[in-house]
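Undergrad: Handing you a structure now.
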Amino acid sequence: MKLANFIFFLLLLLETCFSSLITVKASDLNSSEKNKITRVVALTSLSADLVNYISNESLLGIPGSYLLKKNNDFSNKTVISSGRIPPNLEKIIKLKPELVIGSKGFHDKTLKSLENLGVKTLSVRIANFNDLEKLSFDIQNLLDKKVKLDLVNAIPHCYNLKPSSKPSINKEVLTLVSSKPILSPNSKSWAGNMIERFGYTNLTAKLDSKSQFKGYVNLSPEWVIASKPSNIIIINTPGSTDSQYKEMTIWNDLPAVENNKVSSFDYYGLINAGSLDSINKACKKLSSI
């Protein structure tokens, strides 16, 4: 397996751990305790970004994501993990957090260990925009801040969407997140919800996922050709390029390719929400397809 494909599958495994559905639960958080939460450690880049927008001074620890390294708001925060290596429990404990936010499925062991030590935790999964909005609201309530995070202003390209006048056939989209095997998101994924949000018809929305990646379907070359996609979205993960798709033997037989209707998207934003900035960029690009 090529290195780029290997990295992609590692990233997708992580993404499907926390982007399938939302399950927000706090351990023993009552009204009086919420007012006392001023020390937070975030184990994912998205939760770190949300806490930063709501209360930067409350955020103590963050994951070692390049999405956060680009933002000076996180320059004085303690990095408690690197890549897909589990968070450093000792570093987290030294920060004396009152709340630790992690992804359900991927950070279960770490969160359980912290709960056993008396640290309150928040376990999260996200699948769509309603989930993102609810998570933002929940974090804000837990931090009990008067300054609200207005997602309409934070990710403006994702709101105030105007109905498209395009003929329905021109709104059909096939999204390819990998070429070997050929994977595409259905309606149960973050990407599927994003595509539908902009009024496009996701050609694989109703297909059942039989792959190891929940929310993603494995397609045969024959199915792809038969679908006759009028628009194609291809995803570039770290270490990969558009060439992996263009090397597919069926590539030049697809209508979207013949008509130059192929759009290249970053992995973060459309497949893995990543951060508010990456989500906003994905929304801006979706609106221009």
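As shown in the structure tokens, the chain order sets the letters A, B, ...; within each chain, residues go from 1, and ligands are also counted from 1 in the order they appear.
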Using only C-alpha atoms, I'd like a table of the residues in segment 159-252 of chain A that come within 12 Å of segment 124-145 of chain A; for each, show the closest atom pair and its distance in Å rounded to one decimal, ordered by chain and ascending number, as a Markdown table.
TA:
```
| residue | atom | partner | partner_atom | distance |
| --- | --- | --- | --- | --- |
| A:Tyr159 | CA | A:Phe129 | CA | 10.4 |
| A:Pro185 | CA | A:Ala127 | CA | 11.6 |
| A:Asn186 | CA | A:Ala127 | CA | 11.2 |
| A:Ser187 | CA | A:Ala127 | CA | 9.3 |
| A:Lys188 | CA | A:Ala127 | CA | 6.8 |
| A:Ser189 | CA | A:Ala127 | CA | 5.6 |
| A:Trp190 | CA | A:Ala127 | CA | 4.6 |
| A:Ala191 | CA | A:Asn128 | CA | 8.3 |
| A:Gly192 | CA | A:Asn128 | CA | 8.5 |
| A:Asn193 | CA | A:Asn128 | CA | 5.6 |
| A:Met194 | CA | A:Asn128 | CA | 7.2 |
| A:Ile195 | CA | A:Asn128 | CA | 10.5 |
| A:Glu196 | CA | A:Asn128 | CA | 10.2 |
| A:Arg197 | CA | A:Phe129 | CA | 8.7 |
| A:Phe198 | CA | A:Phe129 | CA | 11.9 |
| A:Lys214 | CA | A:Ala127 | CA | 11.1 |
| A:Gly215 | CA | A:Ala127 | CA | 9.3 |
```
Undergrad: Leaving out Ser243 of chain A and any residue of its chain fewer than 5 positions from it, which residues lie within 10 Å of it when counting only C-alpha atoms, given as a list in words?
TA: Ser179, Asn236 and Met248 of chain A
Undergrad: Go ahead and dump the residues you just picked, N, CA and C atoms, as a short mmCIF file (atom, residue, chain, number, x, y, z; two decimals), in the first residue's frame.
TA:
```cif
data_model
loop_
_atom_site.label_atom_id
_atom_site.label_comp_id
_atom_site.auth_asym_id
_atom_site.auth_seq_id
_atom_site.Cartn_x
_atom_site.Cartn_y
_atom_site.Cartn_z
N SER A 179 -8.91 6.25 -3.93
CA SER A 179 -8.98 5.57 -5.23
C SER A 179 -8.76 4.06 -5.12
N ASN A 236 -8.03 15.36 -1.18
CA ASN A 236 -6.59 15.20 -0.99
C ASN A 236 -6.28 15.14 0.50
N MET A 248 -6.72 6.33 -12.28
CA MET A 248 -7.75 5.31 -12.37
C MET A 248 -8.08 5.03 -13.85
#
```
Undergrad: DSSP on the backbone, then: every residue of segment 92-219 of chain A marked strand (DSSP E or B), written as an mmCIF file with N, CA and C atoms, in the first residue's frame.
TA:
```
data_model
loop_
_atom_site.group_PDB
_atom_site.id
_atom_site.type_symbol
_atom_site.label_atom_id
_atom_site.label_comp_id
_atom_site.auth_asym_id
_atom_site.auth_seq_id
_atom_site.Cartn_x
_atom_site.Cartn_y
_atom_site.Cartn_z
ATOM 1 N N LEU A 99 -12.248 20.103 33.222
ATOM 2 C CA LEU A 99 -13.011 19.442 32.171
ATOM 3 C C LEU A 99 -12.074 19.038 31.033
ATOM 4 N N VAL A 100 -12.243 17.805 30.551
ATOM 5 C CA VAL A 100 -11.480 17.326 29.394
ATOM 6 C C VAL A 100 -12.482 16.887 28.325
ATOM 7 N N ILE A 101 -12.311 17.403 27.109
ATOM 8 C CA ILE A 101 -13.217 17.099 25.998
ATOM 9 C C ILE A 101 -12.500 16.195 25.002
ATOM 10 N N GLY A 102 -13.104 15.048 24.694
ATOM 11 C CA GLY A 102 -12.496 14.114 23.750
ATOM 12 C C GLY A 102 -13.519 13.516 22.820
ATOM 13 N N SER A 103 -13.057 12.704 21.867
ATOM 14 C CA SER A 103 -13.958 12.093 20.898
ATOM 15 C C SER A 103 -14.374 10.706 21.375
ATOM 16 N N LYS A 120 -13.712 15.622 35.394
ATOM 17 C CA LYS A 120 -14.944 15.609 34.604
ATOM 18 C C LYS A 120 -14.601 15.576 33.112
ATOM 19 N N THR A 121 -15.413 14.850 32.333
ATOM 20 C CA THR A 121 -15.121 14.687 30.910
ATOM 21 C C THR A 121 -16.362 14.937 30.061
ATOM 22 N N LEU A 122 -16.102 15.246 28.797
ATOM 23 C CA LEU A 122 -17.158 15.434 27.806
ATOM 24 C C LEU A 122 -16.786 14.594 26.591
ATOM 25 N N SER A 123 -17.640 13.628 26.234
ATOM 26 C CA SER A 123 -17.375 12.730 25.121
ATOM 27 C C SER A 123 -18.258 13.122 23.937
ATOM 28 N N VAL A 124 -17.641 13.354 22.774
ATOM 29 C CA VAL A 124 -18.360 13.972 21.657
ATOM 30 C C VAL A 124 -18.197 13.226 20.337
ATOM 31 N N GLU A 172 -25.957 16.835 -9.186
ATOM 32 C CA GLU A 172 -25.538 15.515 -8.735
ATOM 33 C C GLU A 172 -24.020 15.505 -8.522
ATOM 34 N N VAL A 173 -23.602 14.964 -7.374
ATOM 35 C CA VAL A 173 -22.179 14.975 -7.025
ATOM 36 C C VAL A 173 -21.731 13.587 -6.582
ATOM 37 N N LEU A 174 -20.582 13.181 -7.081
ATOM 38 C CA LEU A 174 -19.934 11.972 -6.606
ATOM 39 C C LEU A 174 -18.644 12.397 -5.919
ATOM 40 N N THR A 175 -18.512 12.058 -4.651
ATOM 41 C CA THR A 175 -17.319 12.426 -3.886
ATOM 42 C C THR A 175 -16.422 11.213 -3.715
ATOM 43 N N LEU A 176 -15.179 11.350 -4.117
ATOM 44 C CA LEU A 176 -14.205 10.268 -3.995
ATOM 45 C C LEU A 176 -13.173 10.639 -2.942
ATOM 46 N N SER A 178 -10.971 8.227 -1.773
ATOM 47 C CA SER A 178 -9.846 7.320 -1.966
ATOM 48 C C SER A 178 -10.024 6.623 -3.317
ATOM 49 N N SER A 179 -8.913 6.254 -3.930
ATOM 50 C CA SER A 179 -8.984 5.566 -5.226
ATOM 51 C C SER A 179 -8.758 4.063 -5.117
ATOM 52 N N ILE A 182 -12.057 2.431 -3.881
ATOM 53 C CA ILE A 182 -12.836 3.624 -4.200
ATOM 54 C C ILE A 182 -13.867 3.815 -3.094
ATOM 55 N N LEU A 183 -13.695 4.870 -2.290
ATOM 56 C CA LEU A 183 -14.596 5.140 -1.172
ATOM 57 C C LEU A 183 -15.331 6.451 -1.383
ATOM 58 N N SER A 184 -16.592 6.479 -0.944
ATOM 59 C CA SER A 184 -17.414 7.677 -1.084
ATOM 60 C C SER A 184 -18.325 7.795 0.136
ATOM 61 N N PRO A 185 -18.612 9.019 0.608
ATOM 62 C CA PRO A 185 -19.441 9.195 1.804
ATOM 63 C C PRO A 185 -20.930 9.031 1.517
ATOM 64 N N THR A 201 -27.144 16.721 -4.810
ATOM 65 C CA THR A 201 -27.579 15.347 -4.637
ATOM 66 C C THR A 201 -26.351 14.453 -4.558
ATOM 67 N N ASN A 202 -26.130 13.887 -3.394
ATOM 68 C CA ASN A 202 -25.004 12.982 -3.192
ATOM 69 C C ASN A 202 -25.368 11.618 -3.780
ATOM 70 N N TYR A 216 -19.047 5.499 5.053
ATOM 71 C CA TYR A 216 -18.406 5.485 3.735
ATOM 72 C C TYR A 216 -18.682 4.166 3.024
ATOM 73 N N VAL A 217 -18.927 4.245 1.723
ATOM 74 C CA VAL A 217 -19.248 3.048 0.942
ATOM 75 C C VAL A 217 -18.116 2.722 -0.027
ATOM 76 N N ASN A 218 -17.937 1.444 -0.253
ATOM 77 C CA ASN A 218 -16.911 0.965 -1.177
ATOM 78 C C ASN A 218 -17.553 0.768 -2.544
ATOM 79 N N LEU A 219 -17.056 1.471 -3.556
ATOM 80 C CA LEU A 219 -17.653 1.432 -4.892
ATOM 81 C C LEU A 219 -16.809 0.610 -5.867
#
```
Undergrad: Give the answer as one residue: which of A:Leu207, A:Ser240, A:Ser287, A:Leu254 has the shortest atom-to-atom distance to Tyr267 of chain A, using only C-alpha atoms?
TA: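 Result for the nearest residue to Tyr267 of chain A: A:Ser240.
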Undergrad: Could you find all residues in segment 7-236 of chain A that DSSP calls alpha helix (DSSP H) from the backbone, and write them as a PyMOL selection string?
TA: chain A and resi 7-18+31-34+45-55+66-69+89-94+108-116+129-143+151-154+190-197+221-227
Undergrad: May I ask which of the residues A:Pro86, A:Gly274, A:Pro181, A:Gly239 is the closest one to Leu68 of chain A, counting only C-alpha atoms?
TA: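 That would be A:Gly274, the residue with the smallest distance to Leu68 of chain A.
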Undergrad: Find, counting only C-alpha atoms, the residue in A:Lys112, A:Arg39, A:His157, A:Lys246 that gets nearest to Cys283 of chain A.
TA: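 Of A:Lys112, A:Arg39, A:His157, A:Lys246, the one nearest Cys283 of chain A, counting only C-alpha atoms, is A:His157.
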Undergrad: Ranking A:Ser209, A:Asn71, A:Gln244, A:Thr237 by minimum distance to Gly269 of chain A and counting only C-alpha atoms, which one comes first?
TA: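 For Gly269 of chain A, the nearest of the given residues is A:Thr237.
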